[in-house]
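Source file: structure-v6.tsv. Holds: TSV, C-alpha atoms and all ligand atoms.
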```
chain	number	residue	atom	x	y	z
T	1	VAL	CA	180.18	-8.64	-55.51
T	2	ALA	CA	179.19	-8.46	-51.85
T	3	PRO	CA	175.55	-9.43	-51.35
T	4	GLY	CA	173.39	-6.35	-51.61
T	5	ASP	CA	176.08	-4.22	-53.22
T	6	LEU	CA	175.13	-3.82	-56.82
T	7	SER	CA	176.97	-0.54	-57.39
T	8	ALA	CA	179.95	-2.41	-58.83
T	9	LEU	CA	177.77	-3.76	-61.65
T	10	ILE	CA	177.82	-1.24	-64.46
T	11	SER	CA	176.60	-3.18	-67.48
T	12	LEU	CA	173.96	-5.80	-68.17
T	13	ALA	CA	176.80	-8.22	-68.89
T	14	ASP	CA	177.99	-7.69	-65.29
T	15	TYR	CA	174.52	-8.66	-64.07
T	16	GLU	CA	174.52	-11.70	-66.34
T	17	ARG	CA	177.83	-12.92	-64.94
T	18	GLU	CA	176.91	-12.31	-61.30
T	19	ALA	CA	173.49	-13.93	-61.70
T	20	ALA	CA	175.18	-17.03	-63.11
T	21	ALA	CA	177.35	-17.21	-60.00
T	22	SER	CA	174.58	-16.64	-57.48
T	23	MET	CA	171.34	-18.17	-58.76
T	24	VAL	CA	170.22	-21.67	-57.82
T	25	PRO	CA	171.48	-23.82	-60.73
T	26	GLY	CA	168.06	-25.12	-61.83
T	27	ALA	CA	166.48	-21.66	-61.75
T	28	HIS	CA	169.45	-20.23	-63.62
T	29	ALA	CA	169.25	-22.91	-66.30
T	30	TYR	CA	165.54	-22.16	-66.75
T	31	ALA	CA	166.20	-18.41	-67.02
T	32	VAL	CA	169.10	-18.37	-69.42
T	33	GLY	CA	168.54	-21.50	-71.48
T	34	GLY	CA	167.35	-21.76	-75.05
T	35	ALA	CA	166.05	-24.45	-77.37
T	36	GLY	CA	168.16	-27.02	-79.19
T	37	ASP	CA	171.74	-25.96	-79.85
T	38	GLU	CA	170.92	-22.40	-78.70
T	39	ILE	CA	171.94	-21.00	-82.09
T	40	THR	CA	169.03	-18.54	-82.13
T	41	LEU	CA	169.61	-17.72	-78.46
T	42	ARG	CA	173.16	-16.59	-79.24
T	43	ASP	CA	172.21	-14.93	-82.51
T	44	ASN	CA	169.57	-12.77	-80.79
T	45	VAL	CA	172.43	-10.87	-79.17
T	46	ALA	CA	174.85	-11.11	-82.09
T	47	ALA	CA	172.34	-9.78	-84.64
T	48	TRP	CA	172.22	-6.32	-83.00
T	49	ALA	CA	176.03	-6.23	-83.15
T	50	ARG	CA	175.87	-6.85	-86.93
T	51	LEU	CA	174.39	-3.39	-87.33
T	52	ALA	CA	176.51	-0.26	-87.20
T	53	ILE	CA	175.29	3.19	-86.17
T	54	ARG	CA	175.67	6.21	-88.47
T	55	PRO	CA	175.86	9.06	-85.98
T	56	ARG	CA	175.21	12.68	-86.98
T	57	MET	CA	177.22	15.50	-85.45
T	58	LEU	CA	176.51	19.07	-84.32
T	59	VAL	CA	172.80	18.48	-84.11
T	60	GLY	CA	172.36	20.15	-80.72
T	61	VAL	CA	171.46	17.35	-78.36
T	62	GLY	CA	171.37	19.29	-75.10
T	63	GLU	CA	167.74	18.35	-74.68
T	64	ARG	CA	166.80	14.81	-75.48
T	65	ASP	CA	163.43	13.09	-75.47
T	66	PRO	CA	163.40	9.27	-75.26
T	67	GLY	CA	159.59	9.31	-75.47
T	68	ILE	CA	157.63	7.28	-78.00
T	69	GLU	CA	154.03	6.60	-78.91
T	70	LEU	CA	152.54	3.15	-78.37
T	71	LEU	CA	148.96	2.01	-78.95
T	72	GLY	CA	148.13	5.64	-79.56
T	73	LEU	CA	149.45	6.80	-76.18
T	74	PRO	CA	152.64	8.64	-75.27
T	75	ARG	CA	155.18	6.64	-73.26
T	76	PRO	CA	158.30	8.08	-71.60
T	77	HIS	CA	160.65	5.66	-73.38
T	78	PRO	CA	160.57	2.44	-75.41
T	79	LEU	CA	161.35	-0.15	-72.68
T	80	ILE	CA	158.87	-2.85	-71.65
T	81	VAL	CA	159.58	-5.66	-69.21
T	82	ALA	CA	158.93	-8.87	-71.18
T	83	PRO	CA	156.51	-11.40	-69.72
T	84	MET	CA	158.48	-14.04	-67.85
T	85	ALA	CA	157.06	-16.98	-65.96
T	86	PHE	CA	157.81	-17.97	-62.35
T	87	GLN	CA	159.66	-14.86	-61.18
T	88	ARG	CA	159.61	-15.94	-57.54
T	89	MET	CA	161.96	-18.68	-58.60
T	90	ALA	CA	164.55	-15.93	-59.17
T	91	HIS	CA	163.80	-13.89	-56.02
T	92	PRO	CA	161.13	-13.77	-53.30
T	93	ASP	CA	160.12	-10.27	-54.54
T	94	GLY	CA	158.94	-12.03	-57.72
T	95	GLU	CA	156.57	-10.24	-60.06
T	96	ILE	CA	155.71	-7.61	-57.46
T	97	GLY	CA	159.37	-6.61	-57.28
T	98	MET	CA	159.57	-6.54	-61.05
T	99	ALA	CA	156.49	-4.32	-61.23
T	100	ARG	CA	158.02	-1.93	-58.66
T	101	ALA	CA	161.13	-1.71	-60.86
T	102	ALA	CA	158.96	-1.05	-63.90
T	103	ALA	CA	156.96	1.63	-62.07
T	104	ALA	CA	160.12	3.33	-60.79
T	105	THR	CA	161.53	3.61	-64.31
T	106	GLY	CA	158.35	4.33	-66.28
T	107	SER	CA	158.54	0.94	-68.02
T	108	ILE	CA	155.50	-1.18	-68.76
T	109	MET	CA	155.32	-4.41	-66.74
T	110	CYS	CA	153.99	-7.34	-68.74
T	111	LEU	CA	152.71	-10.03	-66.36
T	112	SER	CA	152.92	-13.65	-67.55
T	113	THR	CA	149.99	-16.08	-67.36
T	114	LEU	CA	152.45	-18.33	-65.54
T	115	ALA	CA	153.32	-15.72	-62.99
T	116	THR	CA	153.81	-16.65	-59.35
T	117	THR	CA	151.63	-13.65	-58.42
T	118	SER	CA	148.04	-13.24	-59.56
T	119	ALA	CA	146.94	-10.35	-61.75
T	120	GLU	CA	144.89	-8.86	-58.92
T	121	GLU	CA	147.62	-9.23	-56.28
T	122	LEU	CA	150.04	-7.39	-58.53
T	123	ALA	CA	147.55	-4.63	-59.28
T	124	GLU	CA	146.85	-4.15	-55.59
T	125	ALA	CA	150.52	-4.21	-54.55
T	126	VAL	CA	151.83	-1.88	-57.28
T	127	PRO	CA	148.84	0.04	-58.65
T	128	GLU	CA	151.15	2.69	-60.11
T	129	ALA	CA	152.87	0.24	-62.48
T	130	PRO	CA	151.64	0.53	-66.07
T	131	ARG	CA	150.80	-3.08	-66.89
T	132	TRP	CA	149.93	-5.48	-69.67
T	133	PHE	CA	148.71	-9.03	-69.23
T	134	GLN	CA	150.25	-11.87	-71.27
T	135	LEU	CA	147.80	-14.59	-72.15
T	136	TYR	CA	148.66	-18.21	-72.76
T	137	VAL	CA	145.48	-19.76	-74.02
T	138	PHE	CA	144.62	-22.93	-72.12
T	139	ALA	CA	142.72	-25.79	-73.73
T	140	ASP	CA	139.97	-24.91	-71.25
T	141	ARG	CA	138.81	-21.62	-72.77
T	142	GLY	CA	136.81	-20.82	-69.64
T	143	VAL	CA	140.13	-20.34	-67.81
T	144	SER	CA	141.39	-17.99	-70.51
T	145	ARG	CA	138.20	-15.95	-70.48
T	146	GLU	CA	138.44	-15.73	-66.69
T	147	LEU	CA	142.07	-14.54	-66.88
T	148	MET	CA	141.11	-11.98	-69.49
T	149	ALA	CA	138.24	-10.65	-67.38
T	150	ARG	CA	140.52	-10.28	-64.35
T	151	ALA	CA	143.07	-8.36	-66.41
T	152	VAL	CA	140.34	-6.00	-67.59
T	153	ASP	CA	139.02	-5.53	-64.04
T	154	HIS	CA	142.44	-4.79	-62.58
T	155	GLY	CA	143.72	-2.04	-64.80
T	156	TYR	CA	145.82	-3.97	-67.31
T	157	GLU	CA	146.04	-1.89	-70.47
T	158	ALA	CA	146.62	-4.54	-73.12
T	159	LEU	CA	146.31	-8.25	-73.70
T	160	VAL	CA	149.49	-9.84	-75.06
T	161	VAL	CA	148.54	-13.14	-76.70
T	162	THR	CA	151.62	-15.33	-77.05
T	163	VAL	CA	151.36	-17.44	-80.20
T	164	ASP	CA	154.73	-19.15	-80.41
T	165	LEU	CA	154.16	-21.81	-77.76
T	166	PRO	CA	151.71	-24.39	-79.15
T	167	VAL	CA	154.05	-26.83	-77.44
T	168	MET	CA	157.11	-26.15	-75.35
T	169	GLY	CA	160.47	-25.83	-77.13
T	170	VAL	CA	162.99	-28.52	-76.36
T	171	ARG	CA	165.25	-26.94	-73.76
T	172	GLU	CA	168.00	-29.31	-72.88
T	173	ARG	CA	169.22	-27.36	-69.87
T	174	ASP	CA	165.80	-27.89	-68.26
T	175	LEU	CA	165.74	-31.56	-69.18
T	176	ARG	CA	169.08	-31.96	-67.44
T	177	SER	CA	168.19	-29.91	-64.35
T	178	GLY	CA	164.67	-31.29	-63.83
T	179	GLN	CA	163.79	-28.00	-62.11
T	180	GLN	CA	160.37	-28.09	-60.44
T	181	MET	CA	158.17	-25.36	-59.06
T	182	ALA	CA	157.15	-26.00	-55.46
T	183	ALA	CA	153.43	-26.49	-54.91
T	184	ALA	CA	153.37	-23.21	-53.00
T	185	GLU	CA	154.45	-21.40	-56.14
T	186	LEU	CA	151.74	-22.94	-58.24
T	187	VAL	CA	150.16	-20.08	-60.08
T	188	ALA	CA	146.50	-19.35	-59.70
T	189	SER	CA	145.88	-19.71	-63.42
T	190	ALA	CA	147.52	-23.12	-63.64
T	191	ALA	CA	145.62	-24.28	-60.58
T	192	ALA	CA	142.41	-23.13	-62.24
T	193	ALA	CA	143.36	-25.15	-65.29
T	194	GLY	CA	143.52	-28.30	-63.21
T	195	ALA	CA	147.20	-28.60	-62.30
T	196	SER	CA	148.11	-29.68	-58.80
T	197	GLY	CA	151.25	-30.52	-56.84
T	198	SER	CA	154.63	-29.49	-58.24
T	199	LEU	CA	155.27	-29.35	-61.93
T	200	THR	CA	158.16	-28.77	-64.30
T	201	PRO	CA	157.86	-25.86	-66.74
T	202	LYS	CA	157.33	-28.45	-69.46
T	203	GLN	CA	154.37	-29.93	-67.60
T	204	PHE	CA	152.87	-26.46	-67.24
T	205	ALA	CA	153.12	-26.05	-71.00
T	206	THR	CA	150.91	-29.10	-71.61
T	207	LEU	CA	147.96	-27.06	-70.29
T	208	ILE	CA	148.27	-24.70	-73.24
T	209	ASP	CA	146.10	-25.30	-76.31
T	210	PRO	CA	148.20	-26.34	-79.34
T	211	ASP	CA	145.18	-25.71	-81.61
T	212	LEU	CA	145.02	-21.97	-80.98
T	213	SER	CA	144.26	-20.21	-84.30
T	214	TRP	CA	143.86	-16.77	-85.86
T	215	ARG	CA	140.13	-17.19	-85.33
T	216	ASP	CA	140.80	-17.23	-81.57
T	217	VAL	CA	142.89	-14.06	-81.86
T	218	GLU	CA	140.00	-12.45	-83.68
T	219	ARG	CA	137.60	-13.52	-80.96
T	220	PHE	CA	139.84	-12.11	-78.21
T	221	ALA	CA	140.16	-8.87	-80.18
T	222	SER	CA	136.41	-8.50	-80.51
T	223	ASP	CA	135.47	-9.75	-77.01
T	224	SER	CA	138.10	-7.83	-75.09
T	225	PRO	CA	137.87	-4.11	-74.39
T	226	LEU	CA	141.68	-4.15	-74.29
T	227	PRO	CA	143.86	-3.90	-77.38
T	228	VAL	CA	145.27	-7.29	-78.41
T	229	ILE	CA	149.01	-7.60	-79.06
T	230	VAL	CA	150.18	-10.78	-80.78
T	231	LYS	CA	153.55	-11.91	-79.42
T	232	GLY	CA	155.84	-14.30	-81.25
T	233	VAL	CA	155.54	-13.46	-84.95
T	234	LEU	CA	158.56	-13.89	-87.24
T	235	THR	CA	157.18	-13.49	-90.79
T	236	ALA	CA	155.51	-10.77	-92.85
T	237	GLU	CA	152.76	-13.29	-93.72
T	238	ASP	CA	151.77	-13.60	-90.08
T	239	ALA	CA	151.98	-9.84	-89.57
T	240	VAL	CA	149.38	-9.40	-92.31
T	241	LEU	CA	147.17	-12.04	-90.66
T	242	ALA	CA	147.55	-10.34	-87.27
T	243	ALA	CA	146.31	-7.08	-88.77
T	244	GLU	CA	143.44	-8.85	-90.56
T	245	HIS	CA	142.34	-10.56	-87.35
T	246	GLY	CA	142.05	-7.46	-85.23
T	247	ALA	CA	145.42	-7.18	-83.46
T	248	ARG	CA	146.54	-3.65	-82.67
T	249	ALA	CA	150.21	-4.52	-82.34
T	250	LEU	CA	152.62	-7.40	-82.54
T	251	VAL	CA	155.89	-8.40	-80.94
T	252	VAL	CA	158.50	-9.74	-83.33
T	253	SER	CA	159.95	-12.39	-81.08
T	254	ASN	CA	161.42	-15.86	-81.03
T	255	HIS	CA	160.64	-16.16	-77.32
T	256	GLY	CA	164.23	-15.43	-76.40
T	257	GLY	CA	165.48	-18.42	-78.41
T	258	ARG	CA	163.50	-20.75	-76.15
T	259	GLN	CA	161.06	-22.23	-78.65
T	260	LEU	CA	162.29	-23.21	-82.15
T	261	ASP	CA	166.03	-23.15	-82.63
T	262	THR	CA	167.56	-21.73	-85.84
T	263	VAL	CA	164.74	-19.27	-86.52
T	264	LEU	CA	165.74	-15.68	-87.30
T	265	SER	CA	166.67	-13.22	-84.58
T	266	GLY	CA	164.25	-10.41	-83.83
T	267	ALA	CA	166.62	-7.94	-85.50
T	268	ASP	CA	166.74	-9.93	-88.73
T	269	ALA	CA	163.02	-10.78	-88.80
T	270	LEU	CA	161.94	-7.18	-88.13
T	271	PRO	CA	162.37	-5.24	-91.42
T	272	PRO	CA	159.96	-7.17	-93.67
T	273	ILE	CA	157.41	-7.26	-90.85
T	274	VAL	CA	157.58	-3.51	-90.36
T	275	GLU	CA	157.02	-3.12	-94.08
T	276	ALA	CA	154.06	-5.54	-94.15
T	277	ALA	CA	152.49	-3.94	-91.08
T	278	GLY	CA	152.58	-0.45	-92.54
T	279	ASP	CA	150.52	1.79	-90.28
T	280	ARG	CA	148.02	-0.95	-89.41
T	281	LEU	CA	150.00	-2.34	-86.47
T	282	ASP	CA	152.50	-1.09	-83.93
T	283	VAL	CA	155.50	-3.37	-84.23
T	284	LEU	CA	157.58	-4.22	-81.15
T	285	VAL	CA	160.62	-6.47	-80.98
T	286	ASP	CA	162.44	-8.48	-78.36
T	287	GLY	CA	165.38	-10.84	-78.01
T	288	GLY	CA	168.96	-10.00	-77.10
T	289	ILE	CA	168.47	-6.34	-76.16
T	290	ARG	CA	171.47	-5.78	-73.87
T	291	ARG	CA	172.68	-2.25	-74.68
T	292	GLY	CA	171.27	1.19	-75.27
T	293	THR	CA	172.68	0.94	-78.79
T	294	ASP	CA	170.49	-2.14	-79.36
T	295	VAL	CA	167.42	-0.08	-78.47
T	296	LEU	CA	168.35	2.60	-80.99
T	297	LYS	CA	168.92	-0.04	-83.68
T	298	ALA	CA	165.52	-1.61	-83.00
T	299	LEU	CA	163.84	1.78	-83.43
T	300	ALA	CA	165.91	2.44	-86.55
T	301	LEU	CA	164.56	-0.79	-88.06
T	302	GLY	CA	161.01	0.42	-87.41
T	303	ALA	CA	160.12	-0.98	-83.99
T	304	ARG	CA	158.11	1.32	-81.72
T	305	ALA	CA	159.33	-0.28	-78.51
T	306	VAL	CA	161.40	-3.18	-77.20
T	307	MET	CA	160.79	-5.85	-74.62
T	308	VAL	CA	163.63	-6.74	-72.28
T	309	GLY	CA	163.60	-10.22	-70.79
T	310	ARG	CA	166.51	-11.96	-69.07
T	311	PRO	CA	168.49	-8.88	-67.98
T	312	ALA	CA	165.56	-7.74	-65.81
T	313	LEU	CA	165.43	-11.22	-64.31
T	314	TRP	CA	169.17	-11.16	-63.50
T	315	GLY	CA	168.62	-7.86	-61.72
T	316	LEU	CA	165.68	-9.31	-59.83
T	317	ALA	CA	167.67	-12.40	-58.87
T	318	LEU	CA	170.57	-10.33	-57.54
T	319	GLY	CA	168.72	-7.55	-55.78
T	320	GLY	CA	164.95	-8.01	-55.93
T	321	ALA	CA	163.00	-4.93	-57.00
T	322	GLU	CA	166.08	-2.73	-56.58
T	323	GLY	CA	168.24	-4.98	-58.77
T	324	ALA	CA	165.67	-5.04	-61.56
T	325	ARG	CA	165.32	-1.25	-61.30
T	326	LEU	CA	169.08	-0.78	-61.63
T	327	VAL	CA	169.17	-2.95	-64.76
T	328	LEU	CA	166.42	-0.88	-66.38
T	329	GLU	CA	168.18	2.34	-65.31
T	330	ILE	CA	171.44	1.22	-66.90
T	331	LEU	CA	169.68	0.48	-70.16
T	332	LEU	CA	167.85	3.82	-70.09
T	333	GLN	CA	171.04	5.74	-69.37
T	334	GLU	CA	172.83	3.94	-72.19
T	335	PHE	CA	169.92	4.71	-74.51
T	336	ASP	CA	170.06	8.38	-73.56
T	337	ALA	CA	173.82	8.50	-74.24
T	338	THR	CA	173.23	6.69	-77.53
T	339	LEU	CA	170.66	9.28	-78.60
T	340	ALA	CA	173.07	12.11	-77.79
T	341	LEU	CA	176.07	10.50	-79.47
T	342	SER	CA	174.04	9.54	-82.54
T	343	GLY	CA	172.81	13.09	-82.97
T	344	ALA	CA	169.17	12.30	-82.28
T	345	ARG	CA	167.18	14.75	-80.18
T	346	SER	CA	164.30	12.38	-79.80
T	347	ALA	CA	163.53	8.68	-80.05
T	348	ARG	CA	160.72	9.50	-82.45
T	349	GLU	CA	163.09	10.76	-85.11
T	350	ILE	CA	165.20	7.58	-85.26
T	351	ASP	CA	164.91	5.94	-88.66
T	352	ARG	CA	166.82	3.72	-91.09
T	353	ARG	CA	169.34	6.47	-91.84
T	354	TYR	CA	170.86	5.96	-88.39
T	355	ILE	CA	172.13	2.45	-89.17
T	356	CYS	CA	173.90	0.37	-91.81
T	357	PRO	CA	175.17	-3.21	-91.98
T	358	ALA	CA	178.33	-3.55	-89.91
T	359	PRO	CA	181.51	-4.42	-91.79
T	360	TRP	CA	182.78	-6.52	-88.90
T	361	ALA	CA	181.80	-10.02	-87.91
T	362	ALA	CA	179.70	-10.01	-84.74
T	363	PRO	CA	181.97	-11.09	-81.92
T	364	ALA	CA	181.45	-14.61	-80.56
T	365	ARG	CA	180.16	-14.63	-77.01
B	401	LIG	C1	162.67	-17.19	-67.84
B	401	LIG	C2	161.81	-16.76	-68.98
B	401	LIG	C3	160.45	-17.00	-68.91
B	401	LIG	C4	159.63	-16.59	-69.96
B	401	LIG	N1	158.28	-16.75	-69.85
B	401	LIG	C5	157.47	-16.26	-70.81
B	401	LIG	C6	156.06	-16.30	-70.66
B	401	LIG	O1	155.54	-16.76	-69.65
B	401	LIG	N2	155.29	-15.80	-71.65
B	401	LIG	C7	155.83	-15.24	-72.79
B	401	LIG	O2	155.10	-14.79	-73.67
B	401	LIG	N3	157.18	-15.19	-72.95
B	401	LIG	C8	158.00	-15.66	-72.00
B	401	LIG	N4	159.36	-15.55	-72.16
B	401	LIG	C9	159.92	-14.86	-73.34
B	401	LIG	C10	160.10	-13.36	-73.06
B	401	LIG	O3	158.86	-12.73	-72.94
B	401	LIG	C11	160.87	-12.66	-74.19
B	401	LIG	O4	160.27	-12.94	-75.43
B	401	LIG	C12	162.36	-13.02	-74.25
B	401	LIG	O5	162.88	-13.32	-72.98
B	401	LIG	C13	163.14	-11.86	-74.85
B	401	LIG	O6	164.48	-12.18	-74.99
B	401	LIG	P1	165.67	-11.72	-73.98
B	401	LIG	O7	165.51	-12.58	-72.76
B	401	LIG	O8	166.89	-12.01	-74.75
B	401	LIG	O9	165.47	-10.25	-73.69
B	401	LIG	C14	160.19	-15.97	-71.11
B	401	LIG	C15	161.58	-15.75	-71.17
B	401	LIG	C16	162.38	-16.13	-70.11
B	401	LIG	C17	163.85	-15.85	-70.19
```

Show how you would write the structure in this file as structure tokens.
Ligand SMILES: Cc1cc2nc3c(=O)[nH]c(=O)nc-3n(C[C@H](O)[C@H](O)[C@H](O)COP(=O)(O)O)c2cc1C
Amino acid sequence: VAPGDLSALISLADYEREAAASMVPGAHAYAVGGAGDEITLRDNVAAWARLAIRPRMLVGVGERDPGIELLGLPRPHPLIVAPMAFQRMAHPDGEIGMARAAAATGSIMCLSTLATTSAEELAEAVPEAPRWFQLYVFADRGVSRELMARAVDHGYEALVVTVDLPVMGVRERDLRSGQQMAAAELVASAAAAGASGSLTPKQFATLIDPDLSWRDVERFASDSPLPVIVKGVLTAEDAVLAAEHGARALVVSNHGGRQLDTVLSGADALPPIVEAAGDRLDVLVDGGIRRGTDVLKALALGARAVMVGRPALWGLALGGAEGARLVLEILLQEFDATLALSGARSAREIDRRYICPAPWAAPAR
């Protein structure tokens, strides 16, 4: 693909391949890598392919509504840009570019604690982007409270507390590449927590408190005017605890296969969690969403919305804000076609009847 010409890329897999060819090797390894043998990383994608769609015909799908309801509010569709650290490592547009892509497509932008743009800079640059703030809780709780207050002051609509990173997963691609963030990219939050100079992602992670508990979640839920979303739950037991400790929603997630290898995929972990959550929590899912059909399957299993991680980053890497926008557009167009071809007039009516276990083995990637 000629630089700047993204029109030849028609699927997220095309973006994946081109990003691999064009990104700086260390940054690419950080973006695409997973923990351990990357079994969960691969299964995140494969698990969606183990489900088959049961389409209905002659429903009259001339008018389709991809809209959903999330945290009690209507949203135009179920896509959310997952929180991802260090986006300027992928492209100089960084988080601001990603937020422009989110705003242009009606997606929610979830800003990482380890962003290379501060919460206030992002809010000022792209005030029209609907935005959530992802919180990693540092051992120094003053820093976390400060981050939370800034998110509240700058129009972030929810606090996403990530609970699956008490320590960093063992990511061998990063160990081999030794990728470092330049001092200039040092995020405000990490600087506030006492980091200086250049650091590897692993060194950043040592700032995070491994003793975070449900009691802390409860405190954030009661102290914060924003709804708290717990990200990184994989069991029904923890879904029940999230509801009991004041969370409004949770994200079924294995952190894109980057934390503990050989845990369940989002798709496989989702059903018992949806059941345990009942109507107490909105349940979201992420991991391996690469096709519009994956989005429909997630909704069919009971998710309200999906987070999309790496594909948005490949788009950003290849074309800045415009590249990330195109990736989200492709996914939205595929989702719209999936609704029509499945005989669903609206995303809200998708339920378990639209899917069944697939009789085929998921193809190896
Ligand atoms: C490069 C990269 C950085 C990430 N950084 C964060 C982060 O700072 N906070 C967080 O909660 N999750 C982080 N995640 C996990 C994503 O939010 C999300 O759970 C995951 O990427 C979804 O899987 P997918 O990439 O297959 O879509 C990161 C993922 C990637 C790929």

*Do you have the CA of His91 (chain T)-atom C17 of ligand LIG 401 (chain B) distance handy?*
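Between these atoms lies a distance of 14.3 Å.
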
*asked:* Please determine, counting only C-alpha atoms, which residue among T:Leu250, T:Leu114, T:Val170, T:Ala344 has the shortest atom-to-atom distance to Leu207 (chain T).
replied: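 For Leu207 (chain T), the nearest of the given residues is T:Leu114.
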
*Taking (175.8, -2.7, -58.8) in the file's own coordinates, collect the residues within 12 Å, counting all atoms listed in the file, and hand them back as an NGL selection string.*
:T and (1-16 or 18-19 or 314-315 or 318-319 or 322-327 or 329-330)

Could you please take those selected residues and save C-alpha atoms as a PDB file, keeping the file's coordinate frame?
```pdb
ATOM      1  CA  VAL T   1     180.180  -8.640 -55.510  1.00  0.00           C
ATOM      2  CA  ALA T   2     179.190  -8.460 -51.850  1.00  0.00           C
ATOM      3  CA  PRO T   3     175.550  -9.430 -51.350  1.00  0.00           C
ATOM      4  CA  GLY T   4     173.390  -6.350 -51.610  1.00  0.00           C
ATOM      5  CA  ASP T   5     176.080  -4.220 -53.220  1.00  0.00           C
ATOM      6  CA  LEU T   6     175.130  -3.820 -56.820  1.00  0.00           C
ATOM      7  CA  SER T   7     176.970  -0.540 -57.390  1.00  0.00           C
ATOM      8  CA  ALA T   8     179.950  -2.410 -58.830  1.00  0.00           C
ATOM      9  CA  LEU T   9     177.770  -3.760 -61.650  1.00  0.00           C
ATOM     10  CA  ILE T  10     177.820  -1.240 -64.460  1.00  0.00           C
ATOM     11  CA  SER T  11     176.600  -3.180 -67.480  1.00  0.00           C
ATOM     12  CA  LEU T  12     173.960  -5.800 -68.170  1.00  0.00           C
ATOM     13  CA  ALA T  13     176.800  -8.220 -68.890  1.00  0.00           C
ATOM     14  CA  ASP T  14     177.990  -7.690 -65.290  1.00  0.00           C
ATOM     15  CA  TYR T  15     174.520  -8.660 -64.070  1.00  0.00           C
ATOM     16  CA  GLU T  16     174.520 -11.700 -66.340  1.00  0.00           C
ATOM     17  CA  GLU T  18     176.910 -12.310 -61.300  1.00  0.00           C
ATOM     18  CA  ALA T  19     173.490 -13.930 -61.700  1.00  0.00           C
ATOM     19  CA  TRP T 314     169.170 -11.160 -63.500  1.00  0.00           C
ATOM     20  CA  GLY T 315     168.620  -7.860 -61.720  1.00  0.00           C
ATOM     21  CA  LEU T 318     170.570 -10.330 -57.540  1.00  0.00           C
ATOM     22  CA  GLY T 319     168.720  -7.550 -55.780  1.00  0.00           C
ATOM     23  CA  GLU T 322     166.080  -2.730 -56.580  1.00  0.00           C
ATOM     24  CA  GLY T 323     168.240  -4.980 -58.770  1.00  0.00           C
ATOM     25  CA  ALA T 324     165.670  -5.040 -61.560  1.00  0.00           C
ATOM     26  CA  ARG T 325     165.320  -1.250 -61.300  1.00  0.00           C
ATOM     27  CA  LEU T 326     169.080  -0.780 -61.630  1.00  0.00           C
ATOM     28  CA  VAL T 327     169.170  -2.950 -64.760  1.00  0.00           C
ATOM     29  CA  GLU T 329     168.180   2.340 -65.310  1.00  0.00           C
ATOM     30  CA  ILE T 330     171.440   1.220 -66.900  1.00  0.00           C
TER      31      ILE T 330
END
```

Mind running chain T against ligand LIG 401 (chain B) at 7 Å and telling me each contacting residue's nearest atom pair with the distance in Å (one decimal), counting only C-alpha atoms and all ligand atoms, chain and number ascending, as a Markdown table?
```
| residue | atom | partner | partner_atom | distance |
| --- | --- | --- | --- | --- |
| T:Tyr30 | CA | B:LIG401 | C1 | 5.8 |
| T:Ala31 | CA | B:LIG401 | C1 | 3.8 |
| T:Val32 | CA | B:LIG401 | C17 | 5.9 |
| T:Asn44 | CA | B:LIG401 | O8 | 6.7 |
| T:Ala82 | CA | B:LIG401 | O3 | 4.2 |
| T:Pro83 | CA | B:LIG401 | O3 | 4.2 |
| T:Met84 | CA | B:LIG401 | N1 | 3.4 |
| T:Ala85 | CA | B:LIG401 | O1 | 4.0 |
| T:Ser112 | CA | B:LIG401 | O1 | 4.6 |
| T:Thr113 | CA | B:LIG401 | O1 | 6.0 |
| T:Leu114 | CA | B:LIG401 | O1 | 5.4 |
| T:Gln134 | CA | B:LIG401 | O2 | 6.1 |
| T:Thr162 | CA | B:LIG401 | O2 | 4.9 |
| T:Lys231 | CA | B:LIG401 | O2 | 6.6 |
| T:Ser253 | CA | B:LIG401 | O4 | 5.7 |
| T:Asn254 | CA | B:LIG401 | O4 | 6.4 |
| T:His255 | CA | B:LIG401 | O4 | 3.8 |
| T:Gly256 | CA | B:LIG401 | O6 | 3.6 |
| T:Asp286 | CA | B:LIG401 | C13 | 4.9 |
| T:Gly287 | CA | B:LIG401 | O6 | 3.4 |
| T:Gly288 | CA | B:LIG401 | O8 | 3.7 |
| T:Ile289 | CA | B:LIG401 | O9 | 5.5 |
| T:Met307 | CA | B:LIG401 | C13 | 6.5 |
| T:Val308 | CA | B:LIG401 | O9 | 4.2 |
| T:Gly309 | CA | B:LIG401 | O9 | 3.5 |
| T:Arg310 | CA | B:LIG401 | O7 | 3.9 |
| T:Pro311 | CA | B:LIG401 | O9 | 6.6 |
```

Give me a file of those residues, with C-alpha atoms, as a CSV table (one decimal), keeping the file's coordinate frame.
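Now in part.csv:
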```csv
chain,number,residue,atom,x,y,z
T,30,TYR,CA,165.5,-22.2,-66.8
T,31,ALA,CA,166.2,-18.4,-67.0
T,32,VAL,CA,169.1,-18.4,-69.4
T,44,ASN,CA,169.6,-12.8,-80.8
T,82,ALA,CA,158.9,-8.9,-71.2
T,83,PRO,CA,156.5,-11.4,-69.7
T,84,MET,CA,158.5,-14.0,-67.8
T,85,ALA,CA,157.1,-17.0,-66.0
T,112,SER,CA,152.9,-13.6,-67.6
T,113,THR,CA,150.0,-16.1,-67.4
T,114,LEU,CA,152.4,-18.3,-65.5
T,134,GLN,CA,150.2,-11.9,-71.3
T,162,THR,CA,151.6,-15.3,-77.0
T,231,LYS,CA,153.6,-11.9,-79.4
T,253,SER,CA,160.0,-12.4,-81.1
T,254,ASN,CA,161.4,-15.9,-81.0
T,255,HIS,CA,160.6,-16.2,-77.3
T,256,GLY,CA,164.2,-15.4,-76.4
T,286,ASP,CA,162.4,-8.5,-78.4
T,287,GLY,CA,165.4,-10.8,-78.0
T,288,GLY,CA,169.0,-10.0,-77.1
T,289,ILE,CA,168.5,-6.3,-76.2
T,307,MET,CA,160.8,-5.8,-74.6
T,308,VAL,CA,163.6,-6.7,-72.3
T,309,GLY,CA,163.6,-10.2,-70.8
T,310,ARG,CA,166.5,-12.0,-69.1
T,311,PRO,CA,168.5,-8.9,-68.0
```
